[in-house]
$ cat data.tsv   # TSV, C-alpha atoms
chain	number	residue	atom	x	y	z
Y	1	MET	CA	60.46	-38.19	90.02
Y	2	ALA	CA	63.64	-37.93	88.01
Y	3	LEU	CA	66.65	-36.50	89.68
Y	4	PHE	CA	68.92	-34.20	87.77
Y	5	ARG	CA	72.47	-33.52	88.67
Y	6	ILE	CA	74.23	-30.38	87.55
Y	7	VAL	CA	77.69	-31.29	86.50
Y	8	SER	CA	80.05	-28.40	85.89
Y	9	ALA	CA	82.19	-28.69	82.83
Y	10	PRO	CA	85.87	-29.14	83.60
Y	11	ILE	CA	87.99	-26.08	83.09
Y	12	GLU	CA	90.33	-26.73	80.22
Y	13	PRO	CA	93.88	-25.65	80.80
Y	14	GLU	CA	95.16	-22.80	78.69
Y	15	PRO	CA	97.06	-24.05	75.62
Y	16	ALA	CA	100.79	-24.17	76.08
Y	17	ASP	CA	101.41	-22.00	73.02
Y	18	GLU	CA	99.09	-19.29	74.41
Y	19	LEU	CA	100.94	-19.32	77.72
Y	20	GLU	CA	104.23	-19.00	75.87
Y	21	ILE	CA	102.94	-16.07	73.81
Y	22	ARG	CA	101.80	-14.23	76.92
Y	23	ALA	CA	105.11	-14.93	78.67
Y	24	VAL	CA	107.05	-13.59	75.69
Y	25	ALA	CA	104.88	-10.46	75.67
Y	26	ALA	CA	105.76	-9.86	79.33
Y	27	GLU	CA	109.47	-10.35	78.63
Y	28	ARG	CA	109.38	-7.98	75.65
Y	29	LEU	CA	107.68	-5.28	77.72
Y	30	THR	CA	110.32	-5.69	80.42
Y	31	PHE	CA	113.21	-5.54	77.94
Y	32	PHE	CA	111.68	-2.51	76.23
Y	33	SER	CA	111.26	-0.74	79.56
Y	34	ASP	CA	114.86	-1.48	80.56
Y	35	ALA	CA	116.11	-0.08	77.24
Y	36	VAL	CA	114.08	3.12	77.56
Y	37	VAL	CA	115.28	3.64	81.13
Y	38	ALA	CA	118.89	3.16	80.03
Y	39	ILE	CA	118.43	5.77	77.31
Y	40	ALA	CA	116.81	8.19	79.76
Y	41	MET	CA	119.74	7.82	82.16
Y	42	THR	CA	122.19	8.39	79.30
Y	43	LEU	CA	120.37	11.53	78.16
Y	44	LEU	CA	121.00	13.06	81.57
Y	45	ALA	CA	124.70	13.38	80.77
Y	46	LEU	CA	124.38	14.87	77.29
Y	47	ASP	CA	123.82	18.43	78.45
Y	48	LEU	CA	126.34	18.46	81.28
Y	49	PRO	CA	128.58	21.54	80.89
Y	50	VAL	CA	132.25	20.80	80.29
Y	51	PRO	CA	134.63	22.74	82.57
Y	52	LYS	CA	136.91	25.16	80.74
Y	53	GLY	CA	140.13	26.91	81.58
Y	54	ASP	CA	143.76	27.27	80.56
Y	55	THR	CA	145.05	26.48	84.04
Y	56	SER	CA	144.12	24.05	86.79
Y	57	ALA	CA	142.71	26.90	88.87
Y	58	GLU	CA	140.52	28.11	86.02
Y	59	PHE	CA	139.41	24.55	85.29
Y	60	TRP	CA	138.31	23.84	88.85
Y	61	HIS	CA	136.72	27.27	89.14
Y	62	SER	CA	134.69	26.55	86.01
Y	63	ALA	CA	133.70	23.12	87.35
Y	64	LEU	CA	132.64	24.64	90.66
Y	65	SER	CA	130.52	27.24	88.88
Y	66	HIS	CA	128.51	24.38	87.32
Y	67	ARG	CA	127.98	22.56	90.61
Y	68	GLU	CA	124.19	22.94	90.42
Y	69	ASP	CA	124.16	21.25	87.02
Y	70	TYR	CA	126.22	18.36	88.33
Y	71	LEU	CA	124.06	18.06	91.44
Y	72	ALA	CA	120.92	18.01	89.32
Y	73	PHE	CA	122.46	15.27	87.16
Y	74	LEU	CA	123.26	13.18	90.23
Y	75	ILE	CA	119.74	13.62	91.58
Y	76	GLY	CA	118.23	12.72	88.21
Y	77	PHE	CA	120.42	9.61	87.92
Y	78	LEU	CA	119.51	8.40	91.40
Y	79	VAL	CA	115.82	9.15	90.86
Y	80	ILE	CA	115.60	7.24	87.59
Y	81	GLY	CA	117.63	4.42	89.13
Y	82	ALA	CA	115.21	4.19	92.06
Y	83	HIS	CA	112.23	4.02	89.70
Y	84	TRP	CA	113.88	1.29	87.64
Y	85	ARG	CA	114.86	-0.71	90.69
Y	86	GLY	CA	111.25	-0.95	91.85
Y	87	HIS	CA	110.12	-1.87	88.34
Y	88	HIS	CA	112.82	-4.54	88.08
Y	89	ARG	CA	111.89	-6.08	91.43
Y	90	VAL	CA	108.33	-6.70	90.26
Y	91	PHE	CA	108.50	-7.34	86.51
Y	92	ARG	CA	110.98	-10.19	86.73
Y	93	TYR	CA	108.05	-12.17	88.16
Y	94	VAL	CA	105.36	-10.99	85.71
Y	95	THR	CA	104.17	-13.80	83.43
Y	96	SER	CA	101.66	-11.92	81.30
Y	97	VAL	CA	100.47	-8.43	80.42
Y	98	THR	CA	97.15	-6.77	79.79
Y	99	PRO	CA	96.43	-3.75	77.59
Y	100	ARG	CA	95.85	-1.66	80.70
Y	101	LEU	CA	99.14	-2.77	82.24
Y	102	THR	CA	100.94	-1.87	79.02
Y	103	SER	CA	99.30	1.56	79.02
Y	104	TRP	CA	100.30	2.28	82.61
Y	105	ASN	CA	103.82	1.07	81.85
Y	106	MET	CA	104.02	3.49	78.92
Y	107	ALA	CA	102.82	6.32	81.16
Y	108	TRP	CA	105.54	5.40	83.64
Y	109	LEU	CA	108.15	5.40	80.87
Y	110	LEU	CA	106.91	8.77	79.64
Y	111	MET	CA	107.66	10.31	83.02
Y	112	LEU	CA	111.15	8.79	83.05
Y	113	VAL	CA	111.87	10.04	79.54
Y	114	VAL	CA	110.73	13.53	80.59
Y	115	THR	CA	113.01	13.42	83.65
Y	116	PRO	CA	116.18	14.53	81.76
Y	117	PHE	CA	114.27	17.61	80.57
Y	118	ALA	CA	112.95	18.25	84.08
Y	119	THR	CA	116.50	17.85	85.36
Y	120	ARG	CA	117.67	20.68	83.09
Y	121	VAL	CA	114.79	22.78	84.38
Y	122	ILE	CA	115.64	22.19	88.03
Y	123	ALA	CA	119.24	23.22	87.39
Y	124	GLY	CA	118.19	26.60	85.99
Y	125	ASP	CA	118.41	30.03	87.57
Y	126	SER	CA	114.71	30.88	87.70
Y	127	TYR	CA	112.39	30.74	90.70
Y	128	PHE	CA	113.39	27.62	92.67
Y	129	PRO	CA	109.95	26.57	94.05
Y	130	ALA	CA	108.46	26.55	90.55
Y	131	ARG	CA	111.33	24.48	89.18
Y	132	PHE	CA	111.17	22.06	92.10
Y	133	THR	CA	107.39	21.72	91.77
Y	134	MET	CA	107.68	20.84	88.10
Y	135	TYR	CA	110.33	18.22	88.76
Y	136	ALA	CA	108.42	16.82	91.73
Y	137	GLY	CA	105.23	16.65	89.66
Y	138	VAL	CA	106.94	14.45	87.08
Y	139	GLN	CA	108.22	12.08	89.77
Y	140	ILE	CA	104.86	11.94	91.54
Y	141	LEU	CA	103.16	10.96	88.28
Y	142	ALA	CA	105.80	8.28	87.75
Y	143	GLY	CA	105.10	6.93	91.23
Y	144	LEU	CA	101.36	6.92	90.67
Y	145	SER	CA	101.81	5.10	87.35
Y	146	PHE	CA	103.89	2.45	89.09
Y	147	GLN	CA	101.26	2.03	91.79
Y	148	ALA	CA	98.63	1.62	89.06
Y	149	MET	CA	100.78	-1.09	87.45
Y	150	LEU	CA	101.04	-2.94	90.74
Y	151	PHE	CA	97.26	-2.76	91.18
Y	152	GLU	CA	96.69	-4.12	87.67
Y	153	ILE	CA	99.18	-6.93	88.22
Y	154	LYS	CA	97.54	-7.93	91.49
Y	155	ARG	CA	93.97	-7.62	90.14
Y	156	ASN	CA	94.66	-9.91	87.21
Y	157	GLY	CA	97.01	-12.33	88.96
Y	158	LEU	CA	99.89	-11.70	86.55
Y	159	LEU	CA	102.68	-12.82	88.86
Y	160	ARG	CA	104.26	-16.23	89.05
Y	161	SER	CA	102.93	-18.44	91.81
Y	162	THR	CA	106.45	-18.56	93.25
Y	163	ALA	CA	106.86	-14.78	93.31
Y	164	PRO	CA	107.91	-13.47	96.76
Y	165	MET	CA	104.92	-11.35	97.64
Y	166	ASP	CA	106.80	-9.70	100.48
Y	167	LYS	CA	109.26	-8.27	97.95
Y	168	VAL	CA	106.40	-7.00	95.79
Y	169	ALA	CA	104.81	-5.40	98.84
Y	170	ALA	CA	108.16	-3.84	99.72
Y	171	SER	CA	108.42	-2.33	96.23
Y	172	ARG	CA	104.95	-0.84	96.60
Y	173	PHE	CA	105.84	0.60	99.99
Y	174	ARG	CA	109.14	2.11	98.83
Y	175	SER	CA	107.56	3.63	95.73
Y	176	ALA	CA	104.88	5.23	97.88
Y	177	ALA	CA	107.54	6.56	100.27
Y	178	ILE	CA	109.48	8.20	97.42
Y	179	ALA	CA	106.30	9.74	96.00
Y	180	LEU	CA	105.48	11.04	99.48
Y	181	ALA	CA	108.93	12.62	99.66
Y	182	TRP	CA	108.22	14.64	96.53
Y	183	VAL	CA	104.79	15.67	97.81
Y	184	VAL	CA	106.29	16.88	101.08
Y	185	GLY	CA	109.13	18.58	99.23
Y	186	ILE	CA	106.84	20.85	97.18
Y	187	PRO	CA	105.58	23.06	100.04
Y	188	LEU	CA	109.01	22.82	101.70
Y	189	SER	CA	110.63	24.26	98.56
Y	190	TYR	CA	108.75	27.52	99.15
Y	191	VAL	CA	110.46	27.81	102.54
Y	192	THR	CA	114.00	26.61	101.89
Y	193	GLY	CA	116.27	25.55	99.07
Y	194	TRP	CA	117.17	22.46	101.10
Y	195	ALA	CA	113.95	20.71	100.07
Y	196	TYR	CA	116.15	18.11	98.40
Y	197	LEU	CA	116.97	16.71	101.84
Y	198	VAL	CA	113.46	15.27	101.99
Y	199	LEU	CA	114.43	13.03	99.08
Y	200	VAL	CA	117.14	11.53	101.26
Y	201	VAL	CA	115.41	11.34	104.62
Y	202	VAL	CA	112.03	9.92	103.51
Y	203	PRO	CA	113.31	7.12	101.24
Y	204	ILE	CA	115.86	6.02	103.86
Y	205	ALA	CA	113.13	5.96	106.48
Y	206	GLY	CA	110.87	4.11	104.04
Y	207	ASN	CA	113.57	1.51	103.35
Y	208	THR	CA	114.17	1.03	107.06
Y	209	VAL	CA	110.49	0.51	107.78
Y	210	GLY	CA	110.11	-1.65	104.66
Y	211	ARG	CA	112.91	-3.99	105.76
Y	212	ARG	CA	111.31	-4.40	109.16
Y	213	LEU	CA	107.91	-5.14	107.64
Y	214	HIS	CA	108.89	-7.18	104.59
Y	215	GLY	CA	112.51	-8.19	105.13
Y	216	PRO	CA	115.60	-7.26	103.11
Y	217	ASP	CA	115.75	-7.32	99.31

$ encode --input "data.tsv" --output "structure tokens"
Amino acid sequence: MALFRIVSAPIEPEPADELEIRAVAAERLTFFSDAVVAIAMTLLALDLPVPKGDTSAEFWHSALSHREDYLAFLIGFLVIGAHWRGHHRVFRYVTSVTPRLTSWNMAWLLMLVVTPFATRVIAGDSYFPARFTMYAGVQILAGLSFQAMLFEIKRNGLLRSTAPMDKVAASRFRSAAIALAWVVGIPLSYVTGWAYLVLVVVPIAGNTVGRRLHGPD
């Protein structure tokens, strides 16, 4: 009786030019994202009110009257910066992209581009809980988009083999902590105008726990 052996065909390595094309696509997406984030952060300052006055006292009085606008700008700047920092930590190790990853990245960028508008809303004089909820909703969607990107990257193995997975895990943890801060802040905004404090306490606690679990950046 004849014996048959099943020999699996060797897996051919991916052509070098294809690997280069995919790497360039990842770099272009990263550069594009960085540029959009930079524009979004710049847009925050365009609508800042300029203090007026003919004397020093009038000038500082005018500046003080716009303190909520300046505070909202600072919050917006720090929020966008925190989103970008997490994105930067991960995407410097991404070697390729998929259509789904690109789509989630665009959704993430959309939320960051909307943030300057949401910042103007939160600095308004209307009902505070509604304004806070709108702003928080934008940031929660940004956090969810980032988590979806991380899932897509992990599912398709799009990171370099030398990527520090503990740093990637830390980025996921910190992003989730910030999103949680906004979620907690929404009901708190209906009780007190100090709901912004959650944005300080929760991320700091998240960073502290993240460093203990995954080490420093």

$ atom_distance --input "data.tsv" --atom1 "CA of Ser145 in chain Y" --atom2 "CA of Leu71 in chain Y"
26.1 Å

$ closest_residue --input "data.tsv" --among "Y:Val114, Y:Ile186, Y:Ala176, Y:Ala195" --to "Gly86 in chain Y" --atoms "all atoms listed in the file"
Y:Ala176

$ atom_distance --input "data.tsv" --atom1 "CA of Ser161 in chain Y" --atom2 "CA of Gln147 in chain Y"
20.5 Å

$ residues_around --input "data.tsv" --residues "Pro187 in chain Y" --least-positions-apart "6" --cutoff "12 Å" --atoms "only C-alpha atoms" --output "PDB file with C-alpha atoms, in the coordinates of the input"
ATOM      1  CA  PHE Y 128     113.390  27.620  92.670  1.00  0.00           C
ATOM      2  CA  PRO Y 129     109.950  26.570  94.050  1.00  0.00           C
ATOM      3  CA  ALA Y 130     108.460  26.550  90.550  1.00  0.00           C
ATOM      4  CA  PHE Y 132     111.170  22.060  92.100  1.00  0.00           C
ATOM      5  CA  THR Y 133     107.390  21.720  91.770  1.00  0.00           C
ATOM      6  CA  ALA Y 136     108.420  16.820  91.730  1.00  0.00           C
ATOM      7  CA  ALA Y 181     108.930  12.620  99.660  1.00  0.00           C
ATOM      8  CA  GLY Y 193     116.270  25.550  99.070  1.00  0.00           C
ATOM      9  CA  TRP Y 194     117.170  22.460 101.100  1.00  0.00           C
ATOM     10  CA  ALA Y 195     113.950  20.710 100.070  1.00  0.00           C
ATOM     11  CA  TYR Y 196     116.150  18.110  98.400  1.00  0.00           C
ATOM     12  CA  VAL Y 198     113.460  15.270 101.990  1.00  0.00           C
TER      13      VAL Y 198
END

$ residues_around --input "data.tsv" --residues "Val138 in chain Y" --least-positions-apart "6" --cutoff "8 Å" --atoms "all atoms listed in the file" --output "VMD selection string"
chain Y and resid 111 114 to 115 118

$ atom_distance --input "data.tsv" --atom1 "CA of Gln139 in chain Y" --atom2 "CA of Val37 in chain Y"
14.0 Å

$ residues_around --input "data.tsv" --residues "Phe77 in chain Y" --least-positions-apart "4" --cutoff "8 Å" --atoms "all atoms listed in the file" --output "ChimeraX atom specification"
/Y:41,44,73,81

$ residues_around --input "data.tsv" --residues "Leu48 in chain Y" --least-positions-apart "4" --cutoff "10 Å" --atoms "only C-alpha atoms" --output "PyMOL selection string"
chain Y and resi 43-44+66+69-70+72-73+120

$ write_last_selection --input "data.tsv" --atoms "C-alpha atoms" --output "JSON list (two decimals), in the coordinates of the input"
[["chain", "number", "residue", "atom", "x", "y", "z"],
["Y", 43, "LEU", "CA", 120.37, 11.53, 78.16],
["Y", 44, "LEU", "CA", 121.00, 13.06, 81.57],
["Y", 66, "HIS", "CA", 128.51, 24.38, 87.32],
["Y", 69, "ASP", "CA", 124.16, 21.25, 87.02],
["Y", 70, "TYR", "CA", 126.22, 18.36, 88.33],
["Y", 72, "ALA", "CA", 120.92, 18.01, 89.32],
["Y", 73, "PHE", "CA", 122.46, 15.27, 87.16],
["Y", 120, "ARG", "CA", 117.67, 20.68, 83.09]]

$ decode --input "data.tsv" --residues "range 133-149 of chain Y" --atoms "C-alpha atoms" --output "PDB file, in the first residue's frame"
ATOM      1  CA  THR Y 133     -22.382  66.765  28.917  1.00  0.00           C
ATOM      2  CA  MET Y 134     -21.826  67.829  25.325  1.00  0.00           C
ATOM      3  CA  TYR Y 135     -18.112  68.356  25.887  1.00  0.00           C
ATOM      4  CA  ALA Y 136     -17.788  65.109  27.820  1.00  0.00           C
ATOM      5  CA  GLY Y 137     -19.636  63.224  25.077  1.00  0.00           C
ATOM      6  CA  VAL Y 138     -17.094  64.361  22.497  1.00  0.00           C
ATOM      7  CA  GLN Y 139     -14.189  63.234  24.681  1.00  0.00           C
ATOM      8  CA  ILE Y 140     -15.818  59.889  25.486  1.00  0.00           C
ATOM      9  CA  LEU Y 141     -16.267  59.195  21.772  1.00  0.00           C
ATOM     10  CA  ALA Y 142     -12.620  60.100  21.203  1.00  0.00           C
ATOM     11  CA  GLY Y 143     -11.601  57.649  23.923  1.00  0.00           C
ATOM     12  CA  LEU Y 144     -13.762  54.888  22.488  1.00  0.00           C
ATOM     13  CA  SER Y 145     -12.312  55.481  19.017  1.00  0.00           C
ATOM     14  CA  PHE Y 146      -8.807  55.173  20.437  1.00  0.00           C
ATOM     15  CA  GLN Y 147      -9.711  51.942  22.215  1.00  0.00           C
ATOM     16  CA  ALA Y 148     -11.107  50.610  18.920  1.00  0.00           C
ATOM     17  CA  MET Y 149      -7.814  51.498  17.210  1.00  0.00           C
TER      18      MET Y 149
END
